[in-house]
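Chemist: One structure is given below, represented as structure tokens, and several questions about it will come after.
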Amino acid sequence: MKSLKLQHLFIACAVATTLASCHKDKKVVPDDKPTAERAGLYVLDQGNLGSPNSALTYYDYTSKSLTADIFQSANGKGLGNTANDLKIYGAKMYIVVDKSGTVEVVNPKTAKSIKQVLFQNADKSSREPRSIAFYKGNAYVTLYDNNVAVLDTATLTVSKYIPVGRNPEQLAVSNGKLYVVNGGGLSYPDVDKTVSIIDLTTLAVTKTLEVGVNPYAVSVDSYGDVFVHSYNLYPANPELTIIDSKTDVVKSKNDFAGGPFSINGDVAYYIASDGTVKTYDVKNLKALSSNFVTDGTTFTSAYAVVADTQTGEVFVTDAKDYKSNGLVFAFDKNGKKEYNLTTGINPGSVVFVNK
């Protein structure tokens, strides 16, 4: 509820009381629109776990107007129960809704529904779609029933299901291969600790790598390295595993208190275990700043971080108390706050729409 993450929500709730004393900034409206040709941004509000109150917030850069639940306004229905991922590919936007068992495909210009793709069992129970990635006209959706669905983005029909590890979470593409993180969270503490590697030509699993225990997030840099974040089992430390996608060999596996990564160029941004935003040099594989935010801005419960690769801005979502409306903060590339916006409950993903 990465960009994302049911387990993330559980863990975040556990630390909410320790972060509740942090300062809350007042809402500020930006004076200038971003420098790149962006029309605006969407924020996926995951809602309360197990409740049908997920929503989609839209902010228009030109009019500086905020639409609190644009999916409801555009379609006359709610988004569903526990939305988990949001991405734009081509001329369509895809919203993965876990407990409803749906992927809502919408027009990113209007938020109007194009099609609702169902991932449900015969009894209408959800197969729990978790995350989505894209490659050459296909969308790949992880399902908690140990499969990856292959969805044709032209016809919006499923062509194949690929068996992977237990309860797959996030997935990412590198060097013509799909890296699927298998968390195994439904059988906690007997969790998984693998990544399934799928050849995107044959659509078959070619290799399974062991990574950190209870993995949940994956990202890829421009050098082809694959970064896998693992929760591990409490009280053990979280881990970061780095895979070389050229050889599909694990380069390193170390304790790492934070994640997942949002990468822009050679810099990865992430939420650290202390609730601050920190940076990591993906080229040299080392931590950088102690705190990306340079103007003293703090968060009640930092939840997700997303870097805009066009503008260089960095957006941080704040879930606050995990049961009421949250915030999203916009920072310039130097870590100074530009503005913040009110969102729905548990803002977990941010995507950008071009004009």
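Ligands are numbered from 1 in the order shown, residues from 1 within each chain, and chains are lettered A, B, ... in the order they appear in the structure tokens.
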I'd like the contact shell of A:Ser159 - 12 Å cut-off, only C-alpha atoms, skipping same-chain residues fewer than 2 positions apart - returned as a PyMOL selection string.

Modeler: chain A and resi 138-141+148-157+161-162+203

Chemist: Among stretch 9-234 of chain A, which residues carry a DSSP assignment of helix (DSSP H, G or I), reported as a ChimeraX atom specification?

Modeler: /A:9-19,70-75,185-187

Chemist: Store the residues picked out above, limited to C-alpha atoms, as a PDB file, in the first residue's frame.

Modeler:
ATOM      1  CA  LEU A   9       0.190   0.090   6.824  1.00  0.00           C
ATOM      2  CA  PHE A  10       0.323  -2.355   9.721  1.00  0.00           C
ATOM      3  CA  ILE A  11       3.900  -1.357  10.594  1.00  0.00           C
ATOM      4  CA  ALA A  12       3.191   2.350  10.128  1.00  0.00           C
ATOM      5  CA  CYS A  13       0.209   2.159  12.476  1.00  0.00           C
ATOM      6  CA  ALA A  14       2.466   0.614  15.111  1.00  0.00           C
ATOM      7  CA  VAL A  15       4.801   3.610  15.068  1.00  0.00           C
ATOM      8  CA  ALA A  16       2.125   6.279  14.625  1.00  0.00           C
ATOM      9  CA  THR A  17       1.988   7.148  18.296  1.00  0.00           C
ATOM     10  CA  THR A  18       5.721   7.820  18.440  1.00  0.00           C
ATOM     11  CA  LEU A  19       5.479  10.223  15.526  1.00  0.00           C
ATOM     12  CA  ILE A  70     -12.290  12.907  -8.746  1.00  0.00           C
ATOM     13  CA  PHE A  71     -12.985   9.225  -9.481  1.00  0.00           C
ATOM     14  CA  GLN A  72     -16.324   9.457  -7.651  1.00  0.00           C
ATOM     15  CA  SER A  73     -17.159  12.710  -9.422  1.00  0.00           C
ATOM     16  CA  ALA A  74     -16.261  11.392 -12.866  1.00  0.00           C
ATOM     17  CA  ASN A  75     -17.899   7.973 -12.576  1.00  0.00           C
ATOM     18  CA  GLY A 185       2.821 -12.180   4.163  1.00  0.00           C
ATOM     19  CA  LEU A 186      -0.378 -14.216   4.496  1.00  0.00           C
ATOM     20  CA  SER A 187       1.521 -16.997   6.264  1.00  0.00           C
TER      21      SER A 187
END

Chemist: Using atom CA of A:Ile242 and atom CA of A:Leu288 as the two end points, give the distance in Å to one decimal.

Modeler: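 Value for the atom CA of A:Ile242-atom CA of A:Leu288 distance: 17.1 Å.
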
Chemist: Atom CA of A:Asn264 to atom CA of A:Arg130: how many Å, to one decimal?

Modeler: 23.6 Å

Chemist: Determine, counting only C-alpha atoms, which protein, DNA and RNA residues have an atom within 10 Å of an atom of stretch 92-102 of chain A; residues of the same chain fewer than 3 positions away are not included. Present the result as a ChimeraX atom specification.

Modeler: /A:1,4-6,44,46,49-52,54,56,79-89,105-109,111-121,124-133,139,141-144,153-154,351,353

Chemist: Convert the current residue selection to file output with C-alpha atoms, as a tab-separated table (two decimals), in the first residue's frame.

Modeler:
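Contents of selection-v5.tsv, as written:
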chain	number	residue	atom	x	y	z
A	1	MET	CA	0.00	0.00	0.00
A	4	LEU	CA	1.71	-0.03	-2.09
A	5	LYS	CA	1.39	-2.03	0.91
A	6	LEU	CA	-0.82	-3.70	3.49
A	44	LEU	CA	-4.08	7.60	-4.60
A	46	GLN	CA	-5.69	4.00	-0.06
A	49	LEU	CA	-7.69	-1.22	5.50
A	50	GLY	CA	-10.72	-3.32	4.58
A	51	SER	CA	-13.08	-0.35	4.09
A	52	PRO	CA	-14.58	0.81	0.76
A	54	SER	CA	-10.37	4.51	-1.29
A	56	LEU	CA	-8.37	9.63	-5.98
A	79	LEU	CA	-13.08	3.53	-6.17
A	80	GLY	CA	-13.45	0.55	-3.87
A	81	ASN	CA	-11.78	-1.20	-0.97
A	82	THR	CA	-8.06	-0.71	-0.23
A	83	ALA	CA	-6.51	0.76	-3.38
A	84	ASN	CA	-2.88	-0.26	-3.54
A	85	ASP	CA	-1.13	1.02	-6.68
A	86	LEU	CA	-1.47	3.75	-9.30
A	87	LYS	CA	0.44	4.15	-12.56
A	88	ILE	CA	0.08	5.75	-16.00
A	89	TYR	CA	1.08	3.87	-19.14
A	105	VAL	CA	-8.53	1.64	-16.10
A	106	VAL	CA	-9.28	5.33	-16.59
A	107	ASN	CA	-8.54	8.27	-18.85
A	108	PRO	CA	-5.84	10.25	-17.00
A	109	LYS	CA	-7.08	13.53	-18.47
A	111	ALA	CA	-10.49	10.21	-14.51
A	112	LYS	CA	-13.38	8.75	-16.51
A	113	SER	CA	-13.53	4.94	-16.43
A	114	ILE	CA	-12.56	3.04	-19.58
A	115	LYS	CA	-12.95	-0.44	-18.12
A	116	GLN	CA	-12.97	-2.25	-14.81
A	117	VAL	CA	-10.87	-5.42	-14.97
A	118	LEU	CA	-11.92	-8.03	-12.40
A	119	PHE	CA	-9.52	-10.26	-10.51
A	120	GLN	CA	-12.00	-12.27	-8.51
A	121	ASN	CA	-12.69	-15.91	-7.69
A	124	LYS	CA	-16.67	-13.02	-5.99
A	125	SER	CA	-13.88	-12.93	-3.41
A	126	SER	CA	-10.82	-10.93	-4.37
A	127	ARG	CA	-7.67	-12.48	-5.76
A	128	GLU	CA	-6.04	-9.42	-4.20
A	129	PRO	CA	-4.26	-7.56	-6.99
A	130	ARG	CA	-1.33	-5.73	-5.43
A	131	SER	CA	0.94	-3.88	-7.86
A	132	ILE	CA	1.34	-3.22	-11.57
A	133	ALA	CA	4.21	-2.77	-14.06
A	139	ALA	CA	0.58	-4.76	-17.97
A	141	VAL	CA	-0.32	-7.42	-12.10
A	142	THR	CA	0.74	-9.29	-8.99
A	143	LEU	CA	-2.04	-11.31	-7.34
A	144	TYR	CA	-1.86	-12.50	-3.75
A	153	THR	CA	-3.17	-2.86	-22.58
A	154	ALA	CA	-4.93	-2.55	-25.96
A	351	VAL	CA	1.57	10.16	-10.42
A	353	VAL	CA	-0.14	13.98	-15.85

Chemist: Compile the contact shell of A:Thr57 as a ChimeraX atom specification: residues with an atom at most 8 Å away, counting only C-alpha atoms, same-chain residues fewer than 2 positions apart removed.

Modeler: /A:42-45,55,59,66-70,343-344

Chemist: Could you tell me which of A:Asn334, A:Gly90, A:Gln170, A:Val293 comes closest to A:Val316 if we count only C-alpha atoms?

Modeler: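 The closest residue to A:Val316 is A:Val293.
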
Chemist: Near stretch 190-197 of chain A, counting only C-alpha atoms, which residues have an atom at most 10 Å away, once you skip same-chain residues fewer than 3 positions from it, shown as a PDB file with C-alpha atoms, in the first residue's frame?

Modeler:
ATOM      1  CA  PRO A 163       2.818 -18.762 -11.198  1.00  0.00           C
ATOM      2  CA  VAL A 164       5.417 -17.147  -8.932  1.00  0.00           C
ATOM      3  CA  GLY A 165       6.242 -17.273  -5.206  1.00  0.00           C
ATOM      4  CA  ARG A 166       3.940 -16.739  -2.253  1.00  0.00           C
ATOM      5  CA  ASN A 167       1.874 -13.558  -2.004  1.00  0.00           C
ATOM      6  CA  PRO A 168       3.799 -11.431  -4.532  1.00  0.00           C
ATOM      7  CA  LEU A 171       7.370  -5.885  -9.434  1.00  0.00           C
ATOM      8  CA  ALA A 172       9.702  -4.030 -11.815  1.00  0.00           C
ATOM      9  CA  VAL A 173      11.239  -4.413 -15.270  1.00  0.00           C
ATOM     10  CA  LYS A 177      12.953  -9.258 -17.442  1.00  0.00           C
ATOM     11  CA  LEU A 178      10.326  -8.865 -14.747  1.00  0.00           C
ATOM     12  CA  TYR A 179      11.448  -9.007 -11.116  1.00  0.00           C
ATOM     13  CA  VAL A 180       8.613 -10.089  -8.820  1.00  0.00           C
ATOM     14  CA  VAL A 181       8.969  -9.764  -5.052  1.00  0.00           C
ATOM     15  CA  ASN A 182       7.416 -12.686  -3.145  1.00  0.00           C
ATOM     16  CA  GLY A 183       6.518 -11.592   0.379  1.00  0.00           C
ATOM     17  CA  GLY A 184       4.534 -14.531   1.736  1.00  0.00           C
ATOM     18  CA  GLY A 185       2.821 -12.180   4.163  1.00  0.00           C
ATOM     19  CA  LEU A 186      -0.378 -14.216   4.496  1.00  0.00           C
ATOM     20  CA  SER A 187       1.521 -16.997   6.264  1.00  0.00           C
ATOM     21  CA  LEU A 200       9.319 -11.101 -20.882  1.00  0.00           C
ATOM     22  CA  LEU A 203       6.629 -15.151 -20.168  1.00  0.00           C
ATOM     23  CA  ALA A 204       8.152 -17.907 -18.047  1.00  0.00           C
ATOM     24  CA  VAL A 205      10.013 -17.845 -14.741  1.00  0.00           C
ATOM     25  CA  THR A 206      13.676 -18.451 -15.529  1.00  0.00           C
ATOM     26  CA  LYS A 207      15.208 -18.044 -12.091  1.00  0.00           C
ATOM     27  CA  THR A 208      14.294 -17.591  -8.434  1.00  0.00           C
ATOM     28  CA  LEU A 209      16.691 -15.661  -6.203  1.00  0.00           C
ATOM     29  CA  GLU A 210      16.843 -15.609  -2.422  1.00  0.00           C
ATOM     30  CA  VAL A 211      16.745 -12.082  -0.995  1.00  0.00           C
ATOM     31  CA  GLY A 212      15.946 -10.611   2.407  1.00  0.00           C
ATOM     32  CA  VAL A 213      13.183 -12.149   4.509  1.00  0.00           C
ATOM     33  CA  ASN A 214       9.643 -10.836   3.902  1.00  0.00           C
ATOM     34  CA  PRO A 215      10.393  -8.640   0.840  1.00  0.00           C
ATOM     35  CA  TYR A 216       7.813  -6.056  -0.199  1.00  0.00           C
ATOM     36  CA  VAL A 218      11.445  -3.352  -5.736  1.00  0.00           C
ATOM     37  CA  VAL A 228      14.684  -5.137  -3.146  1.00  0.00           C
ATOM     38  CA  SER A 230      12.571  -6.546   2.907  1.00  0.00           C
ATOM     39  CA  ASN A 232      12.523  -9.097   7.828  1.00  0.00           C
ATOM     40  CA  LEU A 233      10.929 -10.563  10.976  1.00  0.00           C
ATOM     41  CA  ILE A 243      20.617  -7.678  -7.806  1.00  0.00           C
ATOM     42  CA  SER A 245      20.084  -7.685 -13.758  1.00  0.00           C
ATOM     43  CA  ASP A 248      20.859 -12.099 -12.111  1.00  0.00           C
TER      44      ASP A 248
END

Chemist: Just want the 8 Å neighbourhood of A:Gly326, counted on only C-alpha atoms, with same-chain residues fewer than 6 positions away dropped. Output as a list in words.

Modeler: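 Near neighbours after the sequence-gap exclusion: Thr317, Asp318, Ala319, Lys320, Thr342, Thr343, Gly344, Ile345, Asn346 and Pro347 of chain A.
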
Chemist: Write a file of the selected residues as an mmCIF file, in the first residue's frame, keeping C-alpha atoms.

Modeler:
data_model
loop_
_atom_site.group_PDB
_atom_site.id
_atom_site.type_symbol
_atom_site.label_atom_id
_atom_site.label_comp_id
_atom_site.auth_asym_id
_atom_site.auth_seq_id
_atom_site.Cartn_x
_atom_site.Cartn_y
_atom_site.Cartn_z
ATOM 1 C CA THR A 317 2.809 11.902 1.601
ATOM 2 C CA ASP A 318 1.839 12.100 5.264
ATOM 3 C CA ALA A 319 -0.759 9.617 6.557
ATOM 4 C CA LYS A 320 -1.069 11.549 9.840
ATOM 5 C CA THR A 342 -4.910 17.933 1.664
ATOM 6 C CA THR A 343 -5.651 14.388 0.444
ATOM 7 C CA GLY A 344 -7.906 11.531 1.447
ATOM 8 C CA ILE A 345 -7.079 8.789 3.939
ATOM 9 C CA ASN A 346 -3.608 7.176 3.704
ATOM 10 C CA PRO A 347 -2.166 8.847 0.580
#

Chemist: Under the rule of at most 12 Å, produce a per-residue listing of stretch 282-325 of chain A near stretch 250-256 of chain A: chain, number, name, the closest pair of atoms, and the distance in Å, as a Markdown table, using only C-alpha atoms.

Modeler:
| residue | atom | partner | partner_atom | distance |
| --- | --- | --- | --- | --- |
| A:Leu285 | CA | A:Ser252 | CA | 10.0 |
| A:Lys286 | CA | A:Phe256 | CA | 10.9 |
| A:Ala287 | CA | A:Phe256 | CA | 9.9 |

Chemist: So that I can check the surroundings of A:Val282, please list as number ranges by chain every protein, DNA and RNA residue that reaches within 9 Å of it, counting only C-alpha atoms and ignoring chain neighbours fewer than 5 positions away.

Modeler: A: 221-223, 225, 263, 265-268, 287

Chemist: What does the structure give for the distance between atom CA of A:Phe299 and atom CA of A:Pro238, in Å to one decimal?

Modeler: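 We find that atom CA of A:Phe299 and atom CA of A:Pro238 lie 21.6 Å from each other.
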
Chemist: Among the residues of stretch 31-264 of chain A, find those DSSP assigns to strand (DSSP E) from the backbone and print them as a PDB file with C-alpha atoms, in the first residue's frame.

Modeler:
ATOM      1  CA  ARG A  38       2.742  18.989 -16.336  1.00  0.00           C
ATOM      2  CA  ALA A  39      -1.030  19.328 -16.230  1.00  0.00           C
ATOM      3  CA  GLY A  40      -1.278  18.152 -12.644  1.00  0.00           C
ATOM      4  CA  LEU A  41      -0.923  15.241 -10.292  1.00  0.00           C
ATOM      5  CA  TYR A  42      -3.024  12.432  -8.875  1.00  0.00           C
ATOM      6  CA  VAL A  43      -2.745  11.070  -5.357  1.00  0.00           C
ATOM      7  CA  LEU A  44      -4.080   7.597  -4.604  1.00  0.00           C
ATOM      8  CA  ASP A  45      -5.767   7.606  -1.205  1.00  0.00           C
ATOM      9  CA  ALA A  55     -10.281   7.714  -3.328  1.00  0.00           C
ATOM     10  CA  LEU A  56      -8.371   9.627  -5.984  1.00  0.00           C
ATOM     11  CA  THR A  57      -7.312  13.237  -5.338  1.00  0.00           C
ATOM     12  CA  TYR A  58      -6.390  15.480  -8.277  1.00  0.00           C
ATOM     13  CA  TYR A  59      -4.474  18.754  -8.219  1.00  0.00           C
ATOM     14  CA  ASP A  60      -4.540  20.963 -11.334  1.00  0.00           C
ATOM     15  CA  SER A  65      -7.633  23.645  -7.839  1.00  0.00           C
ATOM     16  CA  LEU A  66      -7.926  20.468  -5.802  1.00  0.00           C
ATOM     17  CA  THR A  67     -10.584  17.806  -6.480  1.00  0.00           C
ATOM     18  CA  ALA A  83      -6.509   0.762  -3.377  1.00  0.00           C
ATOM     19  CA  ASN A  84      -2.883  -0.265  -3.537  1.00  0.00           C
ATOM     20  CA  ASP A  85      -1.133   1.019  -6.680  1.00  0.00           C
ATOM     21  CA  LEU A  86      -1.473   3.753  -9.299  1.00  0.00           C
ATOM     22  CA  LYS A  87       0.438   4.147 -12.556  1.00  0.00           C
ATOM     23  CA  ILE A  88       0.078   5.752 -16.004  1.00  0.00           C
ATOM     24  CA  TYR A  89       1.084   3.873 -19.137  1.00  0.00           C
ATOM     25  CA  LYS A  92      -4.401   5.102 -19.734  1.00  0.00           C
ATOM     26  CA  MET A  93      -4.133   5.214 -15.966  1.00  0.00           C
ATOM     27  CA  TYR A  94      -4.357   2.006 -13.940  1.00  0.00           C
ATOM     28  CA  ILE A  95      -5.619   1.846 -10.349  1.00  0.00           C
ATOM     29  CA  VAL A  96      -5.081  -1.425  -8.494  1.00  0.00           C
ATOM     30  CA  VAL A  97      -7.722  -2.030  -5.795  1.00  0.00           C
ATOM     31  CA  THR A 102     -10.240  -4.822  -9.488  1.00  0.00           C
ATOM     32  CA  VAL A 103      -7.976  -2.803 -11.711  1.00  0.00           C
ATOM     33  CA  GLU A 104      -9.754   0.390 -12.718  1.00  0.00           C
ATOM     34  CA  VAL A 105      -8.529   1.643 -16.096  1.00  0.00           C
ATOM     35  CA  VAL A 106      -9.285   5.332 -16.587  1.00  0.00           C
ATOM     36  CA  SER A 113     -13.535   4.944 -16.434  1.00  0.00           C
ATOM     37  CA  ILE A 114     -12.565   3.037 -19.579  1.00  0.00           C
ATOM     38  CA  LYS A 115     -12.949  -0.443 -18.124  1.00  0.00           C
ATOM     39  CA  GLN A 116     -12.972  -2.247 -14.805  1.00  0.00           C
ATOM     40  CA  VAL A 117     -10.871  -5.423 -14.972  1.00  0.00           C
ATOM     41  CA  LEU A 118     -11.917  -8.033 -12.401  1.00  0.00           C
ATOM     42  CA  PRO A 129      -4.261  -7.556  -6.993  1.00  0.00           C
ATOM     43  CA  ARG A 130      -1.329  -5.726  -5.428  1.00  0.00           C
ATOM     44  CA  SER A 131       0.939  -3.878  -7.855  1.00  0.00           C
ATOM     45  CA  ILE A 132       1.336  -3.219 -11.575  1.00  0.00           C
ATOM     46  CA  ALA A 133       4.211  -2.765 -14.058  1.00  0.00           C
ATOM     47  CA  PHE A 134       4.407  -2.439 -17.851  1.00  0.00           C
ATOM     48  CA  TYR A 135       6.475  -3.657 -20.786  1.00  0.00           C
ATOM     49  CA  ASN A 138       1.435  -5.554 -21.556  1.00  0.00           C
ATOM     50  CA  ALA A 139       0.582  -4.763 -17.971  1.00  0.00           C
ATOM     51  CA  TYR A 140       1.731  -7.194 -15.298  1.00  0.00           C
ATOM     52  CA  VAL A 141      -0.321  -7.424 -12.105  1.00  0.00           C
ATOM     53  CA  THR A 142       0.742  -9.294  -8.985  1.00  0.00           C
ATOM     54  CA  LEU A 143      -2.036 -11.307  -7.341  1.00  0.00           C
ATOM     55  CA  ASN A 147       0.331 -15.423  -9.708  1.00  0.00           C
ATOM     56  CA  VAL A 148       1.212 -12.580 -12.043  1.00  0.00           C
ATOM     57  CA  ALA A 149      -1.541 -11.683 -14.505  1.00  0.00           C
ATOM     58  CA  VAL A 150      -0.566 -10.583 -18.027  1.00  0.00           C
ATOM     59  CA  LEU A 151      -2.991  -7.875 -19.193  1.00  0.00           C
ATOM     60  CA  ASP A 152      -3.021  -6.656 -22.803  1.00  0.00           C
ATOM     61  CA  VAL A 158      -5.917 -11.124 -19.451  1.00  0.00           C
ATOM     62  CA  SER A 159      -3.898 -13.409 -21.732  1.00  0.00           C
ATOM     63  CA  LYS A 160      -2.031 -15.459 -19.147  1.00  0.00           C
ATOM     64  CA  TYR A 161      -1.334 -16.131 -15.480  1.00  0.00           C
ATOM     65  CA  ILE A 162       2.267 -16.842 -14.478  1.00  0.00           C
ATOM     66  CA  PRO A 163       2.818 -18.762 -11.198  1.00  0.00           C
ATOM     67  CA  PRO A 168       3.799 -11.431  -4.532  1.00  0.00           C
ATOM     68  CA  GLU A 169       4.018  -7.715  -3.830  1.00  0.00           C
ATOM     69  CA  GLN A 170       5.759  -5.175  -6.078  1.00  0.00           C
ATOM     70  CA  LEU A 171       7.370  -5.885  -9.434  1.00  0.00           C
ATOM     71  CA  ALA A 172       9.702  -4.030 -11.815  1.00  0.00           C
ATOM     72  CA  VAL A 173      11.239  -4.413 -15.270  1.00  0.00           C
ATOM     73  CA  SER A 174      14.955  -4.429 -16.098  1.00  0.00           C
ATOM     74  CA  LYS A 177      12.953  -9.258 -17.442  1.00  0.00           C
ATOM     75  CA  LEU A 178      10.326  -8.865 -14.747  1.00  0.00           C
ATOM     76  CA  TYR A 179      11.448  -9.007 -11.116  1.00  0.00           C
ATOM     77  CA  VAL A 180       8.613 -10.089  -8.820  1.00  0.00           C
ATOM     78  CA  VAL A 181       8.969  -9.764  -5.052  1.00  0.00           C
ATOM     79  CA  ASN A 182       7.416 -12.686  -3.145  1.00  0.00           C
ATOM     80  CA  THR A 194      12.488 -14.764  -2.925  1.00  0.00           C
ATOM     81  CA  VAL A 195      12.311 -12.837  -6.176  1.00  0.00           C
ATOM     82  CA  SER A 196      10.905 -14.564  -9.260  1.00  0.00           C
ATOM     83  CA  ILE A 197      12.574 -13.501 -12.519  1.00  0.00           C
ATOM     84  CA  ILE A 198      10.331 -13.715 -15.600  1.00  0.00           C
ATOM     85  CA  ASP A 199      11.633 -13.583 -19.163  1.00  0.00           C
ATOM     86  CA  ALA A 204       8.152 -17.907 -18.047  1.00  0.00           C
ATOM     87  CA  VAL A 205      10.013 -17.845 -14.741  1.00  0.00           C
ATOM     88  CA  THR A 206      13.676 -18.451 -15.529  1.00  0.00           C
ATOM     89  CA  LYS A 207      15.208 -18.044 -12.091  1.00  0.00           C
ATOM     90  CA  THR A 208      14.294 -17.591  -8.434  1.00  0.00           C
ATOM     91  CA  LEU A 209      16.691 -15.661  -6.203  1.00  0.00           C
ATOM     92  CA  GLU A 210      16.843 -15.609  -2.422  1.00  0.00           C
ATOM     93  CA  PRO A 215      10.393  -8.640   0.840  1.00  0.00           C
ATOM     94  CA  TYR A 216       7.813  -6.056  -0.199  1.00  0.00           C
ATOM     95  CA  ALA A 217       9.279  -3.474  -2.614  1.00  0.00           C
ATOM     96  CA  VAL A 218      11.445  -3.352  -5.736  1.00  0.00           C
ATOM     97  CA  SER A 219      12.883  -0.596  -7.918  1.00  0.00           C
ATOM     98  CA  VAL A 220      15.336  -0.365 -10.815  1.00  0.00           C
ATOM     99  CA  ASP A 225      20.549  -2.728 -10.677  1.00  0.00           C
ATOM    100  CA  VAL A 226      17.447  -4.059  -8.954  1.00  0.00           C
ATOM    101  CA  PHE A 227      16.845  -2.917  -5.363  1.00  0.00           C
ATOM    102  CA  VAL A 228      14.684  -5.137  -3.146  1.00  0.00           C
ATOM    103  CA  HIS A 229      13.512  -3.959   0.277  1.00  0.00           C
ATOM    104  CA  SER A 230      12.571  -6.546   2.907  1.00  0.00           C
ATOM    105  CA  GLU A 239      17.270  -5.408   4.605  1.00  0.00           C
ATOM    106  CA  LEU A 240      18.221  -4.118   1.160  1.00  0.00           C
ATOM    107  CA  THR A 241      19.219  -6.655  -1.488  1.00  0.00           C
ATOM    108  CA  ILE A 242      20.858  -5.454  -4.716  1.00  0.00           C
ATOM    109  CA  ILE A 243      20.617  -7.678  -7.806  1.00  0.00           C
ATOM    110  CA  ASP A 244      22.670  -7.261 -10.988  1.00  0.00           C
ATOM    111  CA  VAL A 249      23.271 -12.496  -9.240  1.00  0.00           C
ATOM    112  CA  VAL A 250      22.846 -10.905  -5.819  1.00  0.00           C
ATOM    113  CA  LYS A 251      25.527  -8.214  -5.468  1.00  0.00           C
ATOM    114  CA  SER A 252      24.892  -7.443  -1.820  1.00  0.00           C
ATOM    115  CA  LYS A 253      22.440  -7.900   1.030  1.00  0.00           C
ATOM    116  CA  ASN A 254      22.688  -5.603   4.048  1.00  0.00           C
ATOM    117  CA  ASP A 255      20.663  -4.087   6.865  1.00  0.00           C
ATOM    118  CA  SER A 262      11.848   6.448  -5.735  1.00  0.00           C
ATOM    119  CA  ILE A 263      14.714   6.979  -8.178  1.00  0.00           C
ATOM    120  CA  ASN A 264      15.528  10.086 -10.215  1.00  0.00           C
TER     121      ASN A 264
END

Chemist: Looking at A:Lys283, A:Lys336, A:Lys77, A:Lys355, which one is nearest to A:Val314, with distances taken over only C-alpha atoms?

Modeler: A:Lys336
